[in-house]
$ cat coords_8.txt   # compact mmCIF, C-alpha atoms (C1' of nucleotides)
# COMPACT_ATOMS: atom_id res chain seq x y z
CA MET J 1 15.57 13.18 36.32
CA PRO J 2 12.14 11.58 36.58
CA HIS J 3 12.17 7.97 37.69
CA HIS J 4 10.66 6.65 34.47
CA LEU J 5 13.60 7.82 32.43
CA LYS J 6 16.38 6.12 34.34
CA SER J 7 19.05 4.79 32.06
CA THR J 8 19.16 1.12 32.96
CA ASP J 9 18.68 -1.71 30.47
CA GLN J 10 15.13 -2.11 31.72
CA LEU J 11 12.37 -0.08 30.07
CA PRO J 12 9.05 1.00 31.57
CA ILE J 13 5.98 0.26 29.50
CA GLY J 14 5.59 3.84 28.33
CA GLN J 15 9.04 3.79 26.79
CA VAL J 16 8.38 0.48 25.13
CA ALA J 17 5.14 1.79 23.70
CA GLU J 18 6.81 4.91 22.41
CA ARG J 19 9.80 3.17 20.89
CA SER J 20 7.86 0.31 19.36
CA GLY J 21 4.77 2.17 18.26
CA VAL J 22 2.63 -0.43 19.99
CA THR J 23 -0.05 0.86 22.35
CA ILE J 24 0.17 0.16 26.04
CA SER J 25 -3.04 -1.79 25.96
CA ALA J 26 -1.69 -3.99 23.20
CA ILE J 27 1.49 -4.57 25.18
CA HIS J 28 -0.57 -5.61 28.17
CA PHE J 29 -2.49 -7.89 25.89
CA TYR J 30 0.61 -9.50 24.39
CA GLU J 31 1.95 -10.11 27.84
CA ARG J 32 -1.31 -11.69 28.96
CA GLU J 33 -1.13 -13.91 25.90
CA GLY J 34 2.43 -14.91 26.65
CA LEU J 35 4.13 -13.33 23.65
CA ILE J 36 6.30 -11.05 25.74
CA PHE J 37 7.41 -10.96 29.36
CA SER J 38 8.27 -8.48 32.03
CA THR J 39 9.40 -8.28 35.61
CA ARG J 40 8.05 -5.81 38.13
CA ASN J 41 9.79 -3.09 40.10
CA ALA J 42 9.10 -2.02 43.66
CA GLY J 43 6.02 -0.09 42.63
CA ASN J 44 4.55 -3.04 40.71
CA HIS J 45 5.37 -1.40 37.40
CA ARG J 46 6.43 -3.58 34.50
CA GLN J 47 10.10 -3.58 33.53
CA PHE J 48 10.87 -4.78 30.04
CA SER J 49 14.24 -5.91 28.87
CA ARG J 50 15.42 -4.24 25.71
CA ASP J 51 14.86 -7.22 23.46
CA VAL J 52 11.12 -6.85 23.90
CA LEU J 53 11.45 -4.24 21.18
CA ARG J 54 12.62 -6.89 18.77
CA ARG J 55 9.88 -9.19 19.81
CA LEU J 56 7.30 -6.49 19.24
CA ALA J 57 8.80 -5.66 15.89
CA PHE J 58 8.63 -9.30 14.96
CA ILE J 59 5.04 -9.58 16.17
CA ARG J 60 3.93 -6.55 14.17
CA ALA J 61 5.78 -7.58 11.05
CA SER J 62 4.28 -11.04 11.24
CA GLN J 63 0.81 -9.70 11.79
CA ARG J 64 1.15 -7.45 8.83
CA VAL J 65 1.59 -10.44 6.60
CA GLY J 66 -1.51 -12.05 8.04
CA ILE J 67 -0.14 -14.52 10.56
CA PRO J 68 -2.36 -14.90 13.62
CA LEU J 69 -1.01 -14.20 17.07
CA ALA J 70 -1.32 -17.83 18.11
CA ASN J 71 1.15 -18.82 15.43
CA ILE J 72 3.41 -15.93 16.21
CA LYS J 73 3.46 -17.09 19.79
CA GLU J 74 4.47 -20.57 18.71
CA ALA J 75 7.33 -19.11 16.75
CA LEU J 76 8.44 -16.92 19.61
CA ASP J 77 8.30 -19.86 21.97
CA GLU J 78 11.29 -21.21 20.10
CA LEU J 79 13.41 -18.31 21.24
CA PRO J 80 15.64 -18.84 24.26
CA LEU J 81 14.08 -17.27 27.29
CA LYS J 82 17.07 -17.47 29.61
CA ARG J 83 19.47 -15.45 27.51
CA THR J 84 18.96 -12.62 25.07
CA PRO J 85 18.23 -14.14 21.66
CA LYS J 86 20.96 -13.72 19.10
CA GLU J 87 20.93 -13.38 15.35
CA ALA J 88 20.97 -17.11 14.86
CA ASP J 89 17.92 -17.53 17.05
CA TRP J 90 15.96 -14.93 15.15
CA ALA J 91 17.07 -16.37 11.87
CA LYS J 92 15.68 -19.74 12.85
CA VAL J 93 12.38 -18.16 13.73
CA GLY J 94 12.31 -16.22 10.49
CA LYS J 95 12.92 -19.35 8.46
CA GLN J 96 9.47 -20.75 9.17
CA TRP J 97 7.93 -17.52 8.00
CA HIS J 98 9.83 -17.68 4.76
CA LYS J 99 8.01 -20.84 3.77
CA VAL J 100 4.63 -19.51 4.80
CA LEU J 101 5.19 -16.30 2.90
CA SER J 102 6.36 -18.06 -0.20
CA ALA J 103 3.25 -20.18 -0.21
CA GLN J 104 1.03 -17.17 0.24
CA ILE J 105 2.84 -15.22 -2.47
CA GLU J 106 2.45 -18.11 -4.83
CA TYR J 107 -1.22 -18.28 -4.04
CA LEU J 108 -1.80 -14.59 -4.52
CA VAL J 109 0.00 -14.63 -7.84
CA ARG J 110 -2.19 -17.45 -9.02
CA VAL J 111 -5.35 -15.69 -7.94
CA ARG J 112 -4.25 -12.46 -9.54
CA ASP J 113 -3.62 -14.19 -12.82
CA ASP J 114 -6.84 -16.13 -12.60
CA LEU J 115 -8.66 -12.87 -12.11
CA SER J 116 -7.43 -11.70 -15.48
CA THR J 117 -8.19 -14.84 -17.40
CA CYS J 118 -10.61 -16.88 -15.41
CA ILE J 119 -13.24 -14.37 -14.40
CA GLY J 120 -13.26 -12.90 -17.84
CA CYS J 121 -13.55 -16.25 -19.53
CA GLY J 122 -16.59 -17.33 -17.60
CA CYS J 123 -15.29 -20.39 -15.80
CA LEU J 124 -15.94 -18.65 -12.53
CA SER J 125 -19.39 -20.11 -12.69
CA PHE J 126 -18.18 -23.69 -12.82
CA GLN J 127 -16.09 -26.03 -10.76
CA ARG J 128 -12.82 -25.87 -12.67
CA CYS J 129 -11.08 -22.77 -11.62
CA GLN J 130 -8.41 -22.60 -8.93
CA LEU J 131 -10.13 -19.54 -7.69
CA VAL J 132 -13.44 -21.20 -7.26
CA ASN J 133 -12.30 -24.59 -6.14
CA PRO J 134 -9.45 -23.99 -3.77
CA ASP J 135 -9.06 -27.47 -2.33
CA ASP J 136 -5.30 -27.26 -2.18
CA ALA J 137 -4.12 -24.92 0.55
CA MET J 138 -4.83 -21.87 2.66
CA SER J 139 -8.34 -22.67 3.67
CA THR J 140 -10.88 -21.19 5.97
CA GLU J 141 -11.95 -22.56 9.31
CA GLY J 142 -14.52 -21.94 12.01
CA PRO J 143 -16.17 -18.64 12.80
CA GLY J 144 -14.42 -15.30 12.96
CA ALA J 145 -12.20 -13.48 10.55
CA ARG J 146 -10.12 -15.53 8.15
CA ARG J 147 -6.37 -15.18 7.99
CA LEU J 148 -3.25 -16.70 6.67
CA GLN J 149 -2.61 -19.75 8.77
CA PRO J 150 0.40 -22.03 8.51
CA GLY J 151 -1.08 -25.37 7.48
CA THR J 152 -4.50 -25.94 8.98
CA PRO J 153 -7.02 -28.54 7.81
CA ARG J 154 -10.38 -27.76 6.28
CA PRO J 155 -13.64 -28.15 8.12
CA ASP J 156 -16.59 -30.03 6.70
CA ARG J 157 -19.20 -28.07 4.90
CA THR J 158 -22.28 -30.26 5.24
CA MET G 1 -40.12 -34.83 -8.45
CA PRO G 2 -39.70 -32.98 -5.15
CA HIS G 3 -40.56 -29.31 -5.28
CA HIS G 4 -37.04 -28.17 -4.39
CA LEU G 5 -35.54 -29.78 -7.45
CA LYS G 6 -37.72 -28.14 -10.08
CA SER G 7 -35.76 -27.25 -13.13
CA THR G 8 -36.30 -23.50 -13.41
CA ASP G 9 -33.51 -20.95 -13.48
CA GLN G 10 -34.22 -20.13 -9.86
CA LEU G 11 -32.40 -22.06 -7.16
CA PRO G 12 -33.53 -22.70 -3.59
CA ILE G 13 -30.99 -21.90 -0.91
CA GLY G 14 -30.09 -25.52 -0.31
CA GLN G 15 -29.04 -25.93 -3.92
CA VAL G 16 -27.02 -22.75 -3.80
CA ALA G 17 -25.29 -23.92 -0.64
CA GLU G 18 -24.50 -27.27 -2.14
CA ARG G 19 -23.26 -25.95 -5.46
CA SER G 20 -21.24 -23.12 -4.03
CA GLY G 21 -19.90 -24.80 -0.94
CA VAL G 22 -21.09 -21.86 1.15
CA THR G 23 -23.15 -22.68 4.22
CA ILE G 24 -26.79 -21.64 4.38
CA SER G 25 -26.10 -19.42 7.35
CA ALA G 26 -23.35 -17.64 5.45
CA ILE G 27 -25.68 -17.15 2.50
CA HIS G 28 -28.26 -15.63 4.82
CA PHE G 29 -25.54 -13.42 6.18
CA TYR G 30 -24.35 -12.26 2.77
CA GLU G 31 -27.89 -11.43 1.83
CA ARG G 32 -28.41 -9.45 5.03
CA GLU G 33 -25.21 -7.58 4.23
CA GLY G 34 -26.36 -6.84 0.71
CA LEU G 35 -23.77 -8.85 -1.20
CA ILE G 36 -26.33 -11.10 -2.82
CA PHE G 37 -30.06 -10.93 -3.46
CA SER G 38 -33.05 -13.20 -3.71
CA THR G 39 -36.75 -13.14 -4.34
CA ARG G 40 -39.28 -15.22 -2.44
CA ASN G 41 -41.67 -17.87 -3.65
CA ALA G 42 -45.19 -18.56 -2.41
CA GLY G 43 -43.94 -20.29 0.71
CA ASN G 44 -41.58 -17.42 1.61
CA HIS G 45 -38.57 -19.43 0.54
CA ARG G 46 -35.65 -17.64 -1.09
CA GLN G 47 -35.18 -18.06 -4.81
CA PHE G 48 -31.75 -17.29 -6.16
CA SER G 49 -30.95 -16.60 -9.73
CA ARG G 50 -28.13 -18.65 -11.13
CA ASP G 51 -25.59 -15.88 -11.17
CA VAL G 52 -25.54 -15.84 -7.39
CA LEU G 53 -23.13 -18.74 -7.80
CA ARG G 54 -20.70 -16.47 -9.52
CA ARG G 55 -21.14 -13.83 -6.91
CA LEU G 56 -20.46 -16.35 -4.18
CA ALA G 57 -17.41 -17.63 -6.00
CA PHE G 58 -16.16 -14.09 -6.32
CA ILE G 59 -16.84 -13.40 -2.65
CA ARG G 60 -15.00 -16.49 -1.50
CA ALA G 61 -12.07 -15.94 -3.81
CA SER G 62 -11.76 -12.36 -2.66
CA GLN G 63 -11.97 -13.33 0.98
CA ARG G 64 -9.25 -15.89 0.51
CA VAL G 65 -6.85 -13.19 -0.51
CA GLY G 66 -7.73 -11.17 2.54
CA ILE G 67 -10.17 -8.59 1.25
CA PRO G 68 -12.87 -7.67 3.77
CA LEU G 69 -16.53 -8.16 2.93
CA ALA G 70 -17.19 -4.43 2.98
CA ASN G 71 -14.78 -3.94 0.09
CA ILE G 72 -16.11 -6.94 -1.73
CA LYS G 73 -19.55 -5.44 -1.43
CA GLU G 74 -18.33 -2.19 -2.93
CA ALA G 75 -16.91 -4.08 -5.84
CA LEU G 76 -20.08 -6.08 -6.34
CA ASP G 77 -22.13 -2.92 -6.20
CA GLU G 78 -20.57 -2.03 -9.55
CA LEU G 79 -22.26 -4.98 -11.17
CA PRO G 80 -25.49 -4.38 -13.05
CA LEU G 81 -28.43 -5.48 -10.97
CA LYS G 82 -31.07 -5.33 -13.65
CA ARG G 83 -29.51 -7.74 -16.09
CA THR G 84 -27.28 -10.74 -15.59
CA PRO G 85 -23.68 -9.51 -15.47
CA LYS G 86 -21.58 -10.43 -18.44
CA GLU G 87 -17.89 -11.12 -18.86
CA ALA G 88 -17.09 -7.49 -19.31
CA ASP G 89 -18.80 -6.58 -16.07
CA TRP G 90 -16.88 -9.18 -14.12
CA ALA G 91 -13.67 -8.18 -15.79
CA LYS G 92 -14.16 -4.62 -14.62
CA VAL G 93 -14.70 -5.81 -11.10
CA GLY G 94 -11.67 -8.04 -11.23
CA LYS G 95 -9.48 -5.22 -12.40
CA GLN G 96 -9.56 -3.41 -9.09
CA TRP G 97 -8.47 -6.59 -7.34
CA HIS G 98 -5.54 -6.94 -9.66
CA LYS G 99 -4.03 -3.76 -8.32
CA VAL G 100 -4.69 -4.66 -4.71
CA LEU G 101 -3.19 -8.09 -5.16
CA SER G 102 -0.14 -6.78 -6.90
CA ALA G 103 0.50 -4.39 -4.07
CA GLN G 104 0.10 -7.11 -1.51
CA ILE G 105 2.32 -9.49 -3.43
CA GLU G 106 4.99 -6.86 -3.66
CA TYR G 107 4.73 -6.25 0.04
CA LEU G 108 4.97 -9.92 0.93
CA VAL G 109 7.97 -10.39 -1.27
CA ARG G 110 9.70 -7.51 0.43
CA VAL G 111 8.92 -8.86 3.88
CA ARG G 112 10.05 -12.31 2.91
CA ASP G 113 13.35 -11.02 1.70
CA ASP G 114 13.73 -8.77 4.71
CA LEU G 115 13.21 -11.77 6.89
CA SER G 116 16.25 -13.39 5.41
CA THR G 117 18.53 -10.40 5.59
CA CYS G 118 17.07 -7.96 8.03
CA ILE G 119 16.22 -10.12 11.00
CA GLY G 120 19.50 -11.91 10.75
CA CYS G 121 21.46 -8.70 10.49
CA GLY G 122 20.06 -7.20 13.65
CA CYS G 123 18.38 -4.08 12.31
CA LEU G 124 15.08 -5.45 13.52
CA SER G 125 15.81 -3.69 16.77
CA PHE G 126 16.05 -0.27 15.21
CA GLN G 127 13.92 2.08 13.20
CA ARG G 128 15.37 1.48 9.74
CA CYS G 129 13.92 -1.68 8.43
CA GLN G 130 10.90 -1.80 6.13
CA LEU G 131 9.65 -4.60 8.28
CA VAL G 132 9.81 -2.62 11.44
CA ASN G 133 8.84 0.74 10.14
CA PRO G 134 6.09 0.13 7.65
CA ASP G 135 4.91 3.69 7.15
CA ASP G 136 4.28 3.24 3.47
CA ALA G 137 1.23 1.11 2.89
CA MET G 138 -1.05 -1.61 4.19
CA SER G 139 -1.53 -0.48 7.72
CA THR G 140 -3.60 -1.49 10.67
CA GLU G 141 -6.64 0.22 12.05
CA GLY G 142 -9.04 0.08 14.96
CA PRO G 143 -9.92 -2.96 17.00
CA GLY G 144 -10.60 -6.41 15.65
CA ALA G 145 -8.71 -8.62 13.27
CA ARG G 146 -6.44 -7.02 10.72
CA ARG G 147 -6.78 -7.72 7.04
CA LEU G 148 -5.73 -6.61 3.64
CA GLN G 149 -7.59 -3.42 2.98
CA PRO G 150 -7.55 -1.42 -0.21
CA GLY G 151 -6.11 1.93 0.83
CA THR G 152 -7.03 2.88 4.37
CA PRO G 153 -5.33 5.55 6.43
CA ARG G 154 -3.38 4.92 9.62
CA PRO G 155 -4.79 5.74 13.04
CA ASP G 156 -2.92 7.75 15.62
CA ARG G 157 -0.94 5.84 18.14
CA THR G 158 -0.76 8.22 21.09
C1' DA H 1 -1.48 18.94 51.41
C1' DC H 2 -2.60 18.22 46.95
C1' DT H 3 -2.30 17.53 42.26
C1' DT H 4 -0.03 15.45 38.34
C1' DG H 5 1.90 11.65 35.82
C1' DA H 6 2.96 7.06 35.05
C1' DC H 7 1.49 3.04 35.98
C1' DC H 8 -1.69 -0.86 37.90
C1' DT H 9 -6.15 -4.23 37.58
C1' DC H 10 -10.39 -5.90 35.96
C1' DA H 11 -14.51 -6.01 33.44
C1' DA H 12 -17.02 -4.70 29.57
C1' DC H 13 -17.17 -3.30 24.88
C1' DT H 14 -15.80 -3.39 19.75
C1' DT H 15 -15.53 -5.32 14.73
C1' DA H 16 -15.73 -8.95 11.33
C1' DG H 17 -17.63 -12.84 9.79
C1' DG H 18 -20.16 -15.77 10.64
C1' DT H 19 -22.60 -20.22 13.67
C1' DT H 20 -26.05 -22.20 16.71
C1' DG H 21 -30.40 -22.93 18.47
C1' DA H 22 -35.20 -22.27 19.51
C1' DG H 23 -39.52 -22.08 17.64
C1' DG H 24 -42.60 -21.77 13.43
C1' DT H 25 -44.49 -22.57 8.38
C1' DG H 26 -45.85 -25.47 4.79
C1' DC H 27 -45.54 -29.44 1.61
C1' DT H 28 -45.26 -34.31 0.93
C1' DT H 29 -45.07 -38.97 2.17
C1' DT H 30 -46.33 -42.65 4.93
C1' DA R 1 -52.88 -37.81 11.03
C1' DA R 2 -48.24 -37.86 11.95
C1' DA R 3 -43.71 -37.49 10.52
C1' DG R 4 -40.06 -35.57 7.83
C1' DC R 5 -37.95 -32.26 5.22
C1' DA R 6 -36.70 -27.78 3.42
C1' DC R 7 -37.08 -23.68 4.64
C1' DC R 8 -38.17 -19.35 7.60
C1' DT R 9 -36.97 -15.63 11.62
C1' DC R 10 -34.72 -13.82 15.45
C1' DA R 11 -31.66 -13.61 19.14
C1' DA R 12 -27.63 -15.19 21.26
C1' DC R 13 -23.17 -16.80 20.91
C1' DC R 14 -18.28 -17.30 19.04
C1' DT R 15 -13.16 -15.95 17.95
C1' DA R 16 -9.41 -12.63 17.29
C1' DA R 17 -7.13 -8.81 18.63
C1' DG R 18 -7.36 -5.56 20.96
C1' DT R 19 -9.67 -0.75 23.22
C1' DT R 20 -12.07 1.78 26.78
C1' DG R 21 -13.17 3.08 31.21
C1' DA R 22 -13.63 2.94 36.15
C1' DG R 23 -11.22 2.91 40.17
C1' DG R 24 -6.66 2.44 42.72
C1' DT R 25 -1.41 2.98 43.83
C1' DC R 26 2.79 5.43 44.22
C1' DA R 27 6.35 9.02 43.64
C1' DA R 28 7.52 13.70 42.38
C1' DG R 29 6.61 18.57 42.00
C1' DT R 30 3.96 23.01 43.71
$ encode --input "coords_8.txt" --output "structure tokens"
Amino acid sequence: MPHHLKSTDQLPIGQVAERSGVTISAIHFYEREGLIFSTRNAGNHRQFSRDVLRRLAFIRASQRVGIPLANIKEALDELPLKRTPKEADWAKVGKQWHKVLSAQIEYLVRVRDDLSTCIGCGCLSFQRCQLVNPDDAMSTEGPGARRLQPGTPRPDRT
Amino acid sequence: MPHHLKSTDQLPIGQVAERSGVTISAIHFYEREGLIFSTRNAGNHRQFSRDVLRRLAFIRASQRVGIPLANIKEALDELPLKRTPKEADWAKVGKQWHKVLSAQIEYLVRVRDDLSTCIGCGCLSFQRCQLVNPDDAMSTEGPGARRLQPGTPRPDRT
DNA sequence: ACTTGACCTCAACTTAGGTTGAGGTGCTTT
DNA sequence: AAAGCACCTCAACCTAAGTTGAGGTCAAGT
């Protein structure tokens, strides 16, 4: 039996990558960024506890709905680090997302409906439409790609 | 009357920026990327026709729902360039978005509901959940920030 | 003894969507 | 004539979320 397939509750990075579908380089990156953690074995190889798979799943799921890593980290920071997180812990973390998602869904629905009525009707050229004048929520900030961010303020545009 | 406030149907970039809420540098950028167009006056200053305001509104609205500029450009390329686009032209453009948005809304709703049931129930650790195993739509690709992209294939993860 | 495989580090590169700054033009107003 | 303003170009920089590659370690198999 090769050493990287030993059946302990610790997984080597290759196994984690394979089981989670996350590349090794991304796992390194998430660890650097403090979203996941590992210990090292004698040969300085990372050993991941099994619940890293859940964390990775949570990270990927959250990303797929547009939440930036920084916010995902904040959410994960709520998880107990000393013991393996239980259902209740994950549920608490998920709760925050529920609100964010609901807001985003609501926003998308409004935009979709505006696209049917508002663009067609011509108000897109003026300052009335929700679409055009989105001073309410989900705004942009700074340089770089825009994403769904849980409650950030708007920058000035002068 | 200052020269930059002349009442023609051509707008200088400062006016466009002010009326649209888009920074001058972003307008430059959009023009470089071919999303908007201008002519030049005697002093080499950009002159924008009034319907650039609609284009900008469309660009911003589309960005706010997560559509990348490249796709927005594709959509805008459908607009007539010779004449000022009319309602019907915009409606056609908006139609494509409607589908994209509906798909995304559906996806978000599913994730939101999964977050209530699925994370709590523990299946997040295994390969069953929609959340965890999103092989159906809306996937990630390449380096850089991830966004909502109308129909792109998945990369290999080897 | 040597190659293979899994892993390590660190630095540099990538894409998207811009921003920032340096240096220049040309009109108007003082 | 000097200052101010609106604009121009071009190059460099920025963030996010990683990827890529060079060079190195360590254990197992041939």
$ closest_residue --input "coords_8.txt" --among "H:DT9, H:DT29, H:DT15, H:DT3" --to "chain G" --atoms "only C-alpha atoms (C1' of nucleotides)"
H:DT15
$ interface_residues --input "coords_8.txt" --of "chain R" --to "chain J" --cutoff "7 Å" --atoms "all atoms listed in the file" --output "PyMOL selection string"
chain R and resi 14-15+18+26
$ closest_atom_pairs --input "coords_8.txt" --of "chain H" --to "chain J" --cutoff "7 Å" --atoms "all atoms listed in the file" --output "tab-separated table"
residue	atom	partner	partner_atom	distance
H:DC7	C1'	J:His45	CA	6.1
H:DA16	C1'	J:Ala145	CA	5.8
H:DG17	C1'	J:Gly144	CA	5.1
H:DG18	C1'	J:Pro143	CA	5.4
H:DT19	C1'	J:Pro143	CA	6.7
$ closest_residue --input "coords_8.txt" --among "J:Gln47, J:Gly66, J:Phe37, J:Ala75" --to "chain G" --atoms "only C-alpha atoms"
J:Gly66
$ closest_residue --input "coords_8.txt" --among "G:Ala17, G:Leu79, G:Ala61, G:Val52" --to "chain J" --atoms "only C-alpha atoms"
G:Ala61
$ closest_residue --input "coords_8.txt" --among "G:Val93, G:Ala57, G:Leu81, G:Ile67" --to "chain J" --atoms "all atoms listed in the file"
G:Ala57
$ closest_residue --input "coords_8.txt" --among "G:Lys92, G:Arg110, G:Arg54, G:Lys86" --to "chain J" --atoms "only C-alpha atoms"
G:Arg54
$ atom_distance --input "coords_8.txt" --atom1 "atom CA of Arg19 of chain G" --atom2 "atom CA of His98 of chain G"
26.3 Å
$ atom_distance --input "coords_8.txt" --atom1 "atom CA of Ala91 of chain G" --atom2 "atom CA of Leu101 of chain J"
27.8 Å
$ residues_around --input "coords_8.txt" --residues "DA11 of chain R" --least-positions-apart "5" --cutoff "12 Å" --atoms "only C-alpha atoms (C1' of nucleotides)" --output "PyMOL selection string"
chain H and resi 20-23
